[in-house]
$ cat upload_24.txt   # compact mmCIF, C-alpha atoms and all ligand atoms
# COMPACT_ATOMS: atom_id res chain seq x y z
CA MET A 198 23.32 -153.62 105.41
CA ARG A 199 23.25 -149.87 105.99
CA VAL A 200 26.10 -148.59 108.12
CA LEU A 201 26.43 -145.09 109.54
CA GLY A 202 30.11 -144.17 110.02
CA ILE A 203 31.25 -141.53 112.50
CA GLU A 204 34.80 -140.13 112.58
CA THR A 205 36.12 -137.60 115.12
CA SER A 206 39.65 -138.81 115.89
CA CYS A 207 41.48 -135.64 114.93
CA ASP A 208 40.44 -132.40 113.24
CA GLU A 209 37.97 -133.74 110.71
CA THR A 210 34.36 -134.21 111.77
CA ALA A 211 32.78 -136.70 109.39
CA VAL A 212 29.64 -138.75 108.94
CA SER A 213 28.94 -141.22 106.16
CA LEU A 214 26.16 -143.62 105.31
CA ILE A 215 26.73 -146.63 103.10
CA GLU A 216 24.74 -149.55 101.91
CA ALA A 217 26.97 -152.60 101.54
CA SER A 218 26.56 -156.29 100.84
CA GLY A 219 28.71 -159.36 100.35
CA ASP A 220 31.70 -160.80 102.08
CA PHE A 221 35.46 -160.25 101.61
CA GLY A 222 35.94 -160.89 97.93
CA ALA A 223 34.31 -160.42 94.57
CA ASP A 224 30.73 -160.31 95.82
CA PHE A 225 31.36 -157.29 98.05
CA LYS A 226 29.86 -154.04 96.88
CA PHE A 227 28.79 -150.77 98.40
CA ARG A 228 27.07 -147.54 97.56
CA ILE A 229 27.51 -144.22 99.30
CA LEU A 230 24.09 -142.98 100.36
CA GLY A 231 25.38 -139.82 102.01
CA ASN A 232 28.76 -138.43 102.94
CA ALA A 233 29.65 -135.27 104.84
CA LEU A 234 32.85 -133.85 106.23
CA PHE A 235 33.81 -130.68 108.01
CA SER A 236 37.48 -129.92 108.20
CA GLN A 237 38.57 -127.82 111.16
CA THR A 238 41.94 -126.89 109.70
CA ILE A 239 41.19 -123.16 109.78
CA THR A 240 40.44 -123.36 113.52
CA HIS A 241 43.76 -125.05 114.23
CA ALA A 242 45.94 -123.32 111.64
CA GLU A 243 46.83 -120.37 113.86
CA TYR A 244 48.23 -122.79 116.47
CA GLY A 245 50.31 -124.67 113.90
CA GLY A 246 48.73 -128.00 114.83
CA VAL A 247 45.61 -129.59 116.23
CA VAL A 248 44.51 -128.37 119.68
CA PRO A 249 42.62 -131.29 121.30
CA ASN A 250 40.07 -129.26 123.25
CA LEU A 251 39.27 -127.04 120.29
CA ALA A 252 38.82 -130.17 118.16
CA LYS A 253 36.45 -131.61 120.76
CA ARG A 254 34.36 -128.43 120.83
CA GLU A 255 34.15 -128.27 117.03
CA HIS A 256 33.10 -131.93 116.78
CA GLY A 257 30.34 -131.24 119.29
CA LYS A 258 29.07 -128.39 117.13
CA ASN A 259 29.30 -130.17 113.80
CA LEU A 260 28.09 -133.73 114.26
CA VAL A 261 24.36 -133.09 114.22
CA PRO A 262 24.39 -130.82 111.14
CA LEU A 263 26.54 -133.37 109.30
CA LEU A 264 24.23 -136.24 110.27
CA GLU A 265 21.27 -134.22 109.06
CA GLN A 266 23.05 -133.52 105.77
CA VAL A 267 23.86 -137.20 105.28
CA LEU A 268 20.32 -138.33 106.00
CA ASN A 269 18.95 -135.67 103.67
CA GLU A 270 21.27 -136.74 100.87
CA SER A 271 20.38 -140.38 101.37
CA GLY A 272 16.68 -139.72 100.97
CA ILE A 273 15.92 -142.26 103.72
CA ARG A 274 15.14 -139.78 106.43
CA ALA A 275 11.80 -140.21 108.12
CA GLY A 276 10.50 -136.86 109.22
CA LYS A 277 8.06 -137.96 111.88
CA HIS A 278 8.06 -136.88 115.48
CA THR A 279 9.67 -139.19 118.03
CA ASP A 280 8.95 -139.16 121.72
CA ILE A 281 12.41 -139.02 123.23
CA SER A 282 11.29 -138.09 126.75
CA VAL A 283 11.98 -141.64 127.96
CA TYR A 284 15.58 -141.27 126.93
CA SER A 285 16.30 -137.74 128.07
CA ASP A 286 18.00 -138.63 131.34
CA ASP A 287 20.25 -141.19 129.64
CA LEU A 288 21.08 -138.76 126.86
CA ARG A 289 21.89 -136.01 129.31
CA ASP A 290 24.27 -138.35 131.17
CA MET A 291 25.93 -139.63 128.03
CA LEU A 292 26.47 -136.14 126.67
CA ALA A 293 27.19 -134.43 129.99
CA ARG A 294 30.53 -133.22 128.67
CA GLU A 295 29.11 -132.07 125.36
CA PRO A 296 26.25 -129.72 126.30
CA GLU A 297 26.00 -128.20 122.83
CA LEU A 298 25.81 -131.63 121.24
CA TYR A 299 23.19 -132.67 123.78
CA ALA A 300 21.01 -129.68 122.94
CA GLN A 301 21.32 -130.14 119.17
CA LEU A 302 20.84 -133.89 119.29
CA SER A 303 17.76 -133.72 121.52
CA GLU A 304 16.20 -131.26 119.13
CA PHE A 305 17.17 -133.39 116.13
CA LEU A 306 15.79 -136.59 117.65
CA ARG A 307 12.54 -134.86 118.59
CA LYS A 308 12.07 -133.86 114.96
CA HIS A 309 13.14 -137.04 113.19
CA GLU A 310 12.16 -140.62 113.45
CA LYS A 311 14.65 -143.46 113.27
CA PRO A 312 16.06 -143.78 109.75
CA GLU A 313 16.31 -147.19 108.14
CA ILE A 314 19.87 -148.07 109.05
CA ASP A 315 21.30 -151.23 110.55
CA CYS A 316 24.33 -150.28 112.56
CA ILE A 317 26.60 -147.47 113.69
CA ALA A 318 30.38 -147.63 113.23
CA VAL A 319 32.47 -145.22 115.25
CA THR A 320 36.19 -144.56 115.52
CA VAL A 321 37.44 -145.41 119.03
CA GLY A 322 41.17 -144.84 118.40
CA PRO A 323 43.93 -144.10 117.78
CA GLY A 324 43.70 -140.32 117.89
CA LEU A 325 43.08 -137.49 120.32
CA GLU A 326 41.05 -138.85 123.20
CA PRO A 327 38.96 -135.72 123.91
CA ALA A 328 38.03 -135.69 120.21
CA LEU A 329 37.34 -139.44 120.03
CA TRP A 330 35.00 -139.27 123.02
CA VAL A 331 32.66 -136.88 121.23
CA GLY A 332 32.08 -139.35 118.39
CA ILE A 333 31.76 -142.25 120.82
CA ASN A 334 29.19 -140.49 122.99
CA PHE A 335 27.28 -139.41 119.90
CA ALA A 336 27.23 -143.02 118.68
CA ARG A 337 26.08 -144.26 122.09
CA ALA A 338 23.25 -141.74 122.17
CA LEU A 339 22.05 -142.66 118.67
CA SER A 340 22.36 -146.34 119.48
CA GLU A 341 20.23 -145.92 122.57
CA VAL A 342 17.44 -143.91 121.00
CA TRP A 343 17.36 -145.76 117.68
CA ASP A 344 18.10 -149.16 119.22
CA LEU A 345 20.99 -149.89 116.87
CA PRO A 346 24.09 -152.01 117.41
CA VAL A 347 27.49 -150.33 117.47
CA VAL A 348 30.80 -151.39 115.97
CA ALA A 349 34.06 -149.94 117.33
CA VAL A 350 36.45 -149.10 114.52
CA ASN A 351 40.21 -148.68 114.60
CA HIS A 352 40.96 -145.55 112.57
CA MET A 353 44.02 -147.18 110.96
CA GLU A 354 41.94 -150.13 109.81
CA GLY A 355 39.69 -147.54 108.22
CA HIS A 356 42.67 -146.25 106.19
CA VAL A 357 43.59 -149.83 105.20
CA VAL A 358 40.06 -150.69 104.07
CA MET A 359 39.74 -147.42 102.12
CA SER A 360 42.80 -148.32 100.07
CA LEU A 361 41.33 -151.72 99.23
CA MET A 362 38.37 -150.17 97.45
CA GLU A 363 37.83 -149.59 93.81
CA ILE A 364 35.50 -146.67 93.47
CA ARG A 365 33.29 -145.95 90.53
CA PRO A 366 31.70 -142.54 90.43
CA ILE A 367 28.37 -142.62 88.64
CA GLY A 368 28.05 -139.75 86.22
CA ASN A 369 30.44 -136.91 85.78
CA HIS A 370 31.37 -135.37 89.11
CA SER A 371 34.43 -133.37 89.98
CA SER A 372 34.56 -134.28 93.64
CA ILE A 373 34.05 -137.65 95.26
CA LEU A 374 33.18 -136.11 98.59
CA GLN A 375 30.33 -134.14 97.08
CA ASN A 376 29.18 -136.99 94.92
CA THR A 377 26.79 -139.25 96.71
CA ARG A 378 26.23 -141.48 93.69
CA ILE A 379 29.24 -143.68 94.05
CA ASP A 380 29.52 -147.42 93.89
CA GLY A 381 32.52 -149.39 94.97
CA MET A 382 33.92 -152.85 95.37
CA LEU A 383 37.07 -154.53 96.57
CA SER A 384 40.06 -154.20 94.30
CA LYS A 385 40.77 -157.34 92.32
CA ASN A 386 44.47 -156.92 92.96
CA ILE A 387 44.56 -158.03 96.58
CA GLU A 388 46.80 -161.00 97.17
CA PHE A 389 48.07 -162.25 100.51
CA PRO A 390 50.39 -161.87 102.23
CA ALA A 391 49.79 -158.16 101.79
CA LEU A 392 51.74 -155.34 103.28
CA ALA A 393 50.22 -152.07 104.44
CA LEU A 394 52.29 -148.90 104.49
CA LEU A 395 50.33 -146.57 106.73
CA ILE A 396 51.50 -142.98 106.57
CA SER A 397 49.52 -140.29 108.32
CA GLY A 398 49.80 -137.37 110.70
CA GLY A 399 50.04 -139.69 113.69
CA HIS A 400 51.42 -142.93 112.25
CA THR A 401 54.13 -144.44 110.11
CA GLU A 402 53.81 -148.18 110.08
CA LEU A 403 54.52 -151.22 108.01
CA VAL A 404 51.87 -153.80 108.71
CA LEU A 405 51.76 -157.38 107.50
CA MET A 406 48.35 -158.79 106.57
CA ARG A 407 48.35 -162.56 106.07
CA GLU A 408 44.56 -162.61 105.82
CA TRP A 409 41.61 -160.20 105.90
CA MET A 410 41.51 -157.93 108.95
CA LYS A 411 44.46 -159.63 110.70
CA TYR A 412 47.49 -157.46 111.31
CA GLU A 413 51.06 -157.73 112.47
CA VAL A 414 53.02 -154.50 112.87
CA ILE A 415 56.51 -155.15 111.49
CA GLY A 416 57.89 -151.62 111.40
CA THR A 417 57.04 -148.33 113.02
CA THR A 418 58.46 -144.88 113.61
CA ARG A 419 60.73 -144.37 116.58
CA ASP A 420 59.78 -140.71 116.85
CA ASP A 421 57.79 -138.44 114.53
CA ALA A 422 55.21 -139.73 112.07
CA VAL A 423 55.87 -138.87 108.45
CA GLY A 424 52.85 -136.53 108.20
CA GLU A 425 54.05 -134.80 111.35
CA ALA A 426 57.45 -134.31 109.68
CA PHE A 427 55.74 -132.76 106.64
CA ASP A 428 53.78 -130.46 108.96
CA LYS A 429 56.85 -129.44 111.00
CA VAL A 430 59.01 -128.80 107.95
CA ALA A 431 56.18 -126.77 106.43
CA ARG A 432 56.11 -124.67 109.57
CA LEU A 433 59.86 -124.06 109.31
CA LEU A 434 59.26 -122.81 105.77
CA GLY A 435 56.46 -120.52 106.92
CA LEU A 436 53.75 -122.59 105.23
CA PRO A 437 50.30 -123.10 106.77
CA TYR A 438 49.03 -126.18 108.64
CA PRO A 439 48.51 -128.92 107.48
CA GLY A 440 51.78 -128.63 105.62
CA GLY A 441 51.85 -131.80 103.52
CA PRO A 442 49.99 -130.47 100.49
CA HIS A 443 51.99 -127.19 100.57
CA ILE A 444 55.36 -128.95 100.66
CA SER A 445 54.18 -131.18 97.86
CA ARG A 446 53.16 -128.19 95.73
CA LEU A 447 56.54 -126.45 96.27
CA ALA A 448 58.43 -129.67 95.53
CA GLU A 449 56.49 -130.21 92.29
CA ASP A 450 57.20 -126.64 91.29
CA ALA A 451 60.92 -127.17 91.94
CA ARG A 452 60.90 -130.30 89.76
CA LYS A 453 59.16 -128.44 86.95
CA LYS A 454 61.66 -125.58 87.10
CA ASN A 455 64.55 -127.98 87.58
CA ILE A 456 65.51 -126.40 90.88
CA LYS A 457 67.77 -128.90 92.64
CA ALA A 458 69.06 -128.64 96.17
CA ASN A 459 72.72 -127.75 96.63
CA PHE A 460 72.74 -129.84 99.82
CA SER A 461 71.47 -133.25 100.74
CA LEU A 462 69.42 -134.39 103.69
CA PRO A 463 70.18 -137.54 105.69
CA ARG A 464 68.17 -140.68 104.78
CA PRO A 465 67.37 -141.80 108.33
CA MET A 466 67.47 -145.49 109.29
CA LEU A 467 68.38 -146.68 105.79
CA HIS A 468 71.59 -148.22 107.03
CA GLU A 469 69.96 -150.06 109.89
CA ASP A 470 68.80 -153.57 109.27
CA ASN A 471 65.20 -153.23 110.41
CA LEU A 472 61.86 -151.95 109.17
CA ASP A 473 61.56 -148.98 111.51
CA PHE A 474 61.53 -145.31 110.61
CA SER A 475 62.72 -142.10 112.23
CA PHE A 476 61.90 -138.62 111.00
CA SER A 477 62.83 -136.25 113.79
CA GLY A 478 66.50 -136.06 112.74
CA LEU A 479 65.38 -135.10 109.26
CA LYS A 480 63.35 -132.24 110.66
CA THR A 481 66.38 -131.10 112.70
CA ALA A 482 68.55 -131.22 109.58
CA VAL A 483 66.02 -129.00 107.80
CA LEU A 484 66.02 -126.65 110.79
CA ARG A 485 69.80 -126.22 110.50
CA ILE A 486 69.56 -125.43 106.80
CA VAL A 487 66.76 -122.94 107.47
CA GLU A 488 68.77 -121.24 110.22
CA SER A 489 71.91 -120.91 108.16
CA ASN A 490 70.05 -119.56 105.12
CA SER A 491 67.68 -117.23 106.82
CA PRO A 492 65.78 -115.27 105.53
CA LEU A 493 64.83 -118.01 103.08
CA SER A 494 64.48 -117.12 99.43
CA GLU A 495 61.56 -118.63 97.52
CA GLU A 496 64.06 -120.70 95.57
CA MET A 497 65.59 -122.04 98.78
CA LYS A 498 62.13 -122.99 100.07
CA SER A 499 61.48 -124.93 96.88
CA MET A 500 64.85 -126.67 97.16
CA ILE A 501 64.17 -127.72 100.75
CA ALA A 502 60.67 -128.93 99.90
CA ARG A 503 61.92 -131.00 96.98
CA GLU A 504 64.88 -132.49 98.84
CA PHE A 505 62.71 -133.24 101.87
CA GLU A 506 60.03 -134.93 99.77
CA ASP A 507 62.65 -136.91 97.85
CA THR A 508 64.24 -138.04 101.11
CA VAL A 509 60.95 -139.15 102.63
CA ALA A 510 60.01 -141.00 99.43
CA ASP A 511 63.41 -142.74 99.31
CA VAL A 512 63.10 -143.93 102.90
CA LEU A 513 59.50 -145.11 102.53
CA VAL A 514 60.25 -146.90 99.25
CA GLU A 515 63.40 -148.57 100.53
CA LYS A 516 61.84 -149.87 103.75
CA THR A 517 58.74 -151.05 101.88
CA LEU A 518 60.86 -152.94 99.34
CA ARG A 519 62.77 -154.59 102.18
CA ALA A 520 59.52 -155.66 103.84
CA VAL A 521 58.11 -156.97 100.53
CA ASP A 522 61.24 -159.01 100.12
CA ALA A 523 61.35 -160.26 103.72
CA TYR A 524 57.72 -161.40 103.80
CA GLY A 525 57.09 -162.25 100.15
CA ALA A 526 54.29 -159.69 99.97
CA ARG A 527 52.19 -159.65 96.79
CA THR A 528 50.23 -156.47 97.36
CA VAL A 529 51.18 -153.19 99.04
CA ILE A 530 48.32 -151.23 100.54
CA VAL A 531 49.24 -147.56 100.96
CA GLY A 532 46.97 -145.60 103.28
CA GLY A 533 46.71 -142.51 105.48
CA GLY A 534 46.82 -138.79 104.71
CA VAL A 535 50.37 -138.79 103.31
CA SER A 536 49.28 -141.33 100.68
CA ALA A 537 47.68 -138.31 98.97
CA ASN A 538 51.23 -137.28 98.02
CA SER A 539 51.67 -137.78 94.30
CA HIS A 540 55.47 -138.00 94.34
CA ILE A 541 55.44 -140.70 97.03
CA ARG A 542 52.72 -142.56 95.10
CA ALA A 543 54.69 -142.38 91.87
CA GLN A 544 57.95 -143.51 93.48
CA LEU A 545 56.27 -146.42 95.23
CA ALA A 546 54.50 -147.48 92.03
CA SER A 547 57.64 -147.38 89.92
CA GLN A 548 59.89 -149.14 92.45
CA LEU A 549 57.32 -151.77 93.41
CA SER A 550 56.77 -152.61 89.75
CA THR A 551 60.37 -153.86 89.64
CA VAL A 552 59.40 -156.60 92.11
CA ASN A 553 56.04 -157.30 90.47
CA CYS A 554 54.11 -155.74 93.27
CA LYS A 555 51.28 -153.29 92.83
CA PRO A 556 50.47 -150.56 95.32
CA LEU A 557 46.83 -150.03 96.18
CA THR A 558 46.13 -146.39 96.97
CA PRO A 559 42.91 -144.61 97.90
CA PRO A 560 41.39 -141.90 95.67
CA ILE A 561 43.31 -138.72 96.61
CA GLU A 562 40.25 -137.12 98.21
CA LEU A 563 39.73 -140.15 100.42
CA ALA A 564 43.37 -140.50 101.53
CA THR A 565 42.92 -138.06 104.40
CA ASP A 566 40.47 -138.69 107.22
CA ASN A 567 36.83 -139.28 106.34
CA ALA A 568 33.88 -141.28 107.65
CA LEU A 569 33.42 -143.42 104.54
CA MET A 570 36.46 -145.43 105.56
CA ILE A 571 34.99 -145.88 109.04
CA ALA A 572 31.64 -147.05 107.67
CA LEU A 573 33.43 -149.52 105.36
CA ALA A 574 35.70 -150.94 108.07
CA GLY A 575 32.65 -151.04 110.35
CA TYR A 576 30.75 -153.08 107.76
CA PHE A 577 33.49 -155.71 107.64
CA ARG A 578 33.61 -155.84 111.43
CA ALA A 579 29.81 -156.12 111.58
CA ILE A 580 29.62 -159.04 109.15
CA SER A 581 32.27 -160.75 111.28
CA GLY A 582 29.92 -160.31 114.27
CA ASP A 583 32.32 -157.91 115.95
CA TYR A 584 29.80 -155.67 117.74
CA SER A 585 30.49 -153.80 120.98
CA ASP A 586 28.36 -153.05 123.99
CA PRO A 587 27.89 -149.27 123.56
CA ASP A 588 28.30 -148.67 127.29
CA THR A 589 31.75 -150.24 127.34
CA LEU A 590 33.14 -148.19 124.46
CA ARG A 591 36.25 -146.25 125.43
CA ALA A 592 38.42 -143.81 123.53
CA ASP A 593 41.93 -145.21 123.19
CA GLY A 594 44.38 -142.66 121.89
CA ASN A 595 47.05 -145.34 121.36
CA LEU A 596 44.86 -148.13 120.04
CA LYS A 597 46.98 -150.62 118.11
CA LEU A 598 46.10 -152.57 115.01
CA ALA A 599 47.56 -155.73 116.43
O1 LIG A 601 45.26 -139.53 107.80
P1 LIG A 601 45.24 -138.08 108.08
O2 LIG A 601 44.17 -137.24 107.42
O3 LIG A 601 45.10 -137.83 109.62
C1 LIG A 601 45.68 -138.67 110.55
O4 LIG A 601 45.11 -139.77 110.80
O5 LIG A 601 46.78 -138.28 111.04
O6 LIG A 601 46.69 -137.50 107.74
C2 LIG A 601 46.98 -136.15 107.87
C3 LIG A 601 48.43 -135.90 107.46
C4 LIG A 601 48.91 -134.49 107.75
O7 LIG A 601 50.15 -134.58 108.41
C5 LIG A 601 49.07 -133.89 106.36
O8 LIG A 601 50.09 -132.91 106.28
C6 LIG A 601 49.41 -135.10 105.55
O9 LIG A 601 48.57 -136.12 106.05
N1 LIG A 601 49.14 -134.90 104.11
C7 LIG A 601 50.09 -134.90 103.17
C8 LIG A 601 49.46 -134.63 101.94
N2 LIG A 601 48.12 -134.46 102.19
C9 LIG A 601 47.95 -134.63 103.53
N3 LIG A 601 51.43 -135.12 103.26
C10 LIG A 601 52.13 -135.08 102.13
N4 LIG A 601 51.61 -134.79 100.92
C11 LIG A 601 50.29 -134.56 100.78
N5 LIG A 601 49.77 -134.30 99.58
ZN ZN A 602 43.96 -140.74 109.53

$ encode --input "upload_24.txt" --output "structure tokens"
Amino acid sequence: MRVLGIETSCDETAVSLIEASGDFGADFKFRILGNALFSQTITHAEYGGVVPNLAKREHGKNLVPLLEQVLNESGIRAGKHTDISVYSDDLRDMLAREPELYAQLSEFLRKHEKPEIDCIAVTVGPGLEPALWVGINFARALSEVWDLPVVAVNHMEGHVVMSLMEIRPIGNHSSILQNTRIDGMLSKNIEFPALALLISGGHTELVLMREWMKYEVIGTTRDDAVGEAFDKVARLLGLPYPGGPHISRLAEDARKKNIKANFSLPRPMLHEDNLDFSFSGLKTAVLRIVESNSPLSEEMKSMIAREFEDTVADVLVEKTLRAVDAYGARTVIVGGGVSANSHIRAQLASQLSTVNCKPLTPPIELATDNALMIALAGYFRAISGDYSDPDTLRADGNLKLA
């Protein structure tokens, strides 16, 4: 089955086309036919975070060029003329709020015939609703003109599914995202009950999976998400958005140079007997240190970055170990943008090994948002018969996994 994935939940516009077969288990395999992503971080950087209406506008501009790139890469594009006049009123209505997208898509559809794909998977939440709507309306329009079924995908399920994959690049390529010749399958190390630690810009959750695609949220953040904390602390240190990778780089540097903090940050929620998180107090503690040491020396910035990263890793590891113990988990699935963090990965791997548990992490380049994860999650939903009526699709900024 060929699945076209569309992701516009935040500040990444992404389109991916996969060919997949098999069910949950050893017979599952997929190949990336085309994968394209445009990151809007430069647009949002000057505001220190994602501006929903700017994100929406950028998605509207970028979706058609990315789709064209993906179809070109895949080699399955049919270049024949299509008569779209019968659809133009519907398309205009569907894309009434995205005039630029309407213009580009009409032109694109006039030039290209329906490619040989079987279904469209689109993120419907959680995320920024104005941004989500652009992808949804794009999917509806394609579904109408190409007469294809649509699968609604939960973005967080996309992160989970991405971490379950074992990816095998074919040939010698430096970047997965620019390498269309990739095969993948499900990791052999998945055992239930499994636990997912989802750590991103919008979420920090511990999720219990007793079987495929069934979720129970057992812990969540009471305030900021962990990625948000990385971004806010980065801002306090004068580092650009998104801050996670910058903090990580400074912290690594501090470890190499043996720069240790002469203060310690609070480990929030560790003394409470639950699986929830809280990161806003940590950010406030950093703010106090920044204020009392201003202007910050480079060494002080490194100290803060290292101590902050250590603190976050300690809290994530400790709560994950508690959840593993409480639910007898055999596998820990780590997903979301913050799972790109090498220190957190290393700490989780070393601590989980003491309880015979193995973390499953995505390839670093696929830890942050992308459309491959949406196409993959969409495939599993499609083979379960979980299609949606395109006209009833709604963006749900707070969509839950369970
Ligand atoms: O999953 P994602 O791309 O978007 C959301 O669904 O939110 O996650 C983005 C978040 C940002 O907060 C970013 O700072 C963080 O992931 N992030 C990192 C790293 N790379 C990205 N945080 C810590 N260390 C990293 N290496
Ligand atoms: Zn995400």

$ closest_residue --input "upload_24.txt" --among "A:Ala502, A:Ala520, A:Leu264, A:Ala293" --to "Lys457 in chain A" --atoms "only C-alpha atoms"
A:Ala502

$ atom_distance --input "upload_24.txt" --atom1 "CA of Arg432 in chain A" --atom2 "CA of Ala510 in chain A"
19.6 Å

$ residues_near_ligand --input "upload_24.txt" --ligand "ligand LIG 601 (chain A)" --cutoff "6 Å" --atoms "only C-alpha atoms and all ligand atoms" --output "mmCIF file with C-alpha atoms, in the coordinates of the input"
data_model
loop_
_atom_site.group_PDB
_atom_site.id
_atom_site.type_symbol
_atom_site.label_atom_id
_atom_site.label_comp_id
_atom_site.auth_asym_id
_atom_site.auth_seq_id
_atom_site.Cartn_x
_atom_site.Cartn_y
_atom_site.Cartn_z
ATOM 1 C CA SER A 397 49.520 -140.290 108.320
ATOM 2 C CA GLY A 398 49.800 -137.370 110.700
ATOM 3 C CA GLY A 399 50.040 -139.690 113.690
ATOM 4 C CA GLY A 424 52.850 -136.530 108.200
ATOM 5 C CA GLU A 425 54.050 -134.800 111.350
ATOM 6 C CA PHE A 427 55.740 -132.760 106.640
ATOM 7 C CA ASP A 428 53.780 -130.460 108.960
ATOM 8 C CA PRO A 439 48.510 -128.920 107.480
ATOM 9 C CA GLY A 440 51.780 -128.630 105.620
ATOM 10 C CA GLY A 441 51.850 -131.800 103.520
ATOM 11 C CA PRO A 442 49.990 -130.470 100.490
ATOM 12 C CA SER A 445 54.180 -131.180 97.860
ATOM 13 C CA GLY A 533 46.710 -142.510 105.480
ATOM 14 C CA GLY A 534 46.820 -138.790 104.710
ATOM 15 C CA VAL A 535 50.370 -138.790 103.310
ATOM 16 C CA ALA A 537 47.680 -138.310 98.970
ATOM 17 C CA ASN A 538 51.230 -137.280 98.020
ATOM 18 C CA THR A 565 42.920 -138.060 104.400
ATOM 19 C CA ASP A 566 40.470 -138.690 107.220
#

$ atom_distance --input "upload_24.txt" --atom1 "CA of Pro437 in chain A" --atom2 "CA of Ala242 in chain A"
6.5 Å

$ residues_around --input "upload_24.txt" --residues "range 389-392 of chain A" --least-positions-apart "2" --cutoff "10 Å" --atoms "all atoms listed in the file" --output "PDB file with C-alpha atoms, keeping the file's coordinate frame"
ATOM      1  CA  ASN A 386      44.470-156.920  92.960  1.00  0.00           C
ATOM      2  CA  ILE A 387      44.560-158.030  96.580  1.00  0.00           C
ATOM      3  CA  LEU A 394      52.290-148.900 104.490  1.00  0.00           C
ATOM      4  CA  LEU A 395      50.330-146.570 106.730  1.00  0.00           C
ATOM      5  CA  LEU A 403      54.520-151.220 108.010  1.00  0.00           C
ATOM      6  CA  VAL A 404      51.870-153.800 108.710  1.00  0.00           C
ATOM      7  CA  LEU A 405      51.760-157.380 107.500  1.00  0.00           C
ATOM      8  CA  MET A 406      48.350-158.790 106.570  1.00  0.00           C
ATOM      9  CA  ARG A 407      48.350-162.560 106.070  1.00  0.00           C
ATOM     10  CA  GLU A 408      44.560-162.610 105.820  1.00  0.00           C
ATOM     11  CA  TRP A 409      41.610-160.200 105.900  1.00  0.00           C
ATOM     12  CA  TYR A 412      47.490-157.460 111.310  1.00  0.00           C
ATOM     13  CA  GLU A 413      51.060-157.730 112.470  1.00  0.00           C
ATOM     14  CA  VAL A 414      53.020-154.500 112.870  1.00  0.00           C
ATOM     15  CA  ILE A 415      56.510-155.150 111.490  1.00  0.00           C
ATOM     16  CA  THR A 517      58.740-151.050 101.880  1.00  0.00           C
ATOM     17  CA  ALA A 520      59.520-155.660 103.840  1.00  0.00           C
ATOM     18  CA  VAL A 521      58.110-156.970 100.530  1.00  0.00           C
ATOM     19  CA  TYR A 524      57.720-161.400 103.800  1.00  0.00           C
ATOM     20  CA  GLY A 525      57.090-162.250 100.150  1.00  0.00           C
ATOM     21  CA  ALA A 526      54.290-159.690  99.970  1.00  0.00           C
ATOM     22  CA  ARG A 527      52.190-159.650  96.790  1.00  0.00           C
ATOM     23  CA  THR A 528      50.230-156.470  97.360  1.00  0.00           C
ATOM     24  CA  VAL A 529      51.180-153.190  99.040  1.00  0.00           C
ATOM     25  CA  ILE A 530      48.320-151.230 100.540  1.00  0.00           C
ATOM     26  CA  VAL A 531      49.240-147.560 100.960  1.00  0.00           C
ATOM     27  CA  CYS A 554      54.110-155.740  93.270  1.00  0.00           C
ATOM     28  CA  PRO A 556      50.470-150.560  95.320  1.00  0.00           C
TER      29      PRO A 556
END

$ atom_distance --input "upload_24.txt" --atom1 "CA of Leu339 in chain A" --atom2 "CA of His352 in chain A"
20.1 Å

$ closest_residue --input "upload_24.txt" --among "A:Leu436, A:Ile501, A:Ile203, A:Leu447" --to "Leu462 in chain A" --atoms "all atoms listed in the file"
A:Ile501

$ residues_near_point --input "upload_24.txt" --point "(44.6, -145.5, 121.7)" --cutoff "6 Å" --atoms "all atoms listed in the file" --output "PyMOL selection string"
chain A and resi 322-323+593-596

$ closest_residue --input "upload_24.txt" --among "A:Arg365, A:His309, A:His356, A:Arg464" --to "ligand ZN 602 (chain A)" --atoms "all atoms listed in the file"
A:His356

$ closest_residue --input "upload_24.txt" --among "A:Leu329, A:Val483, A:Leu230, A:Ala252" --to "Gly272 in chain A" --atoms "all atoms listed in the file"
A:Leu230

$ residues_around --input "upload_24.txt" --residues "Leu433 in chain A" --least-positions-apart "4" --cutoff "12 Å" --atoms "all atoms listed in the file" --output "VMD selection string"
chain A and resid 245 426 to 429 437 to 438 440 444 480 to 488 490 to 493 498 501 to 502

$ residues_near_point --input "upload_24.txt" --point "(36.2, -150.9, 98.3)" --cutoff "7 Å" --atoms "all atoms listed in the file" --output "PyMOL selection string"
chain A and resi 358-359+361-364+381-384

$ write_last_selection --input "upload_24.txt" --atoms "C-alpha atoms" --output "PDB file, in the frame of the given file"
ATOM      1  CA  VAL A 358      40.060-150.690 104.070  1.00  0.00           C
ATOM      2  CA  MET A 359      39.740-147.420 102.120  1.00  0.00           C
ATOM      3  CA  LEU A 361      41.330-151.720  99.230  1.00  0.00           C
ATOM      4  CA  MET A 362      38.370-150.170  97.450  1.00  0.00           C
ATOM      5  CA  GLU A 363      37.830-149.590  93.810  1.00  0.00           C
ATOM      6  CA  ILE A 364      35.500-146.670  93.470  1.00  0.00           C
ATOM      7  CA  GLY A 381      32.520-149.390  94.970  1.00  0.00           C
ATOM      8  CA  MET A 382      33.920-152.850  95.370  1.00  0.00           C
ATOM      9  CA  LEU A 383      37.070-154.530  96.570  1.00  0.00           C
ATOM     10  CA  SER A 384      40.060-154.200  94.300  1.00  0.00           C
TER      11      SER A 384
END

$ closest_residue --input "upload_24.txt" --among "A:Arg452, A:Arg446, A:Arg419, A:His400" --to "ligand ZN 602 (chain A)" --atoms "only C-alpha atoms and all ligand atoms"
A:His400

$ closest_residue --input "upload_24.txt" --among "A:Glu243, A:Glu354, A:Glu304, A:Glu255" --to "ligand ZN 602 (chain A)" --atoms "all atoms listed in the file"
A:Glu354
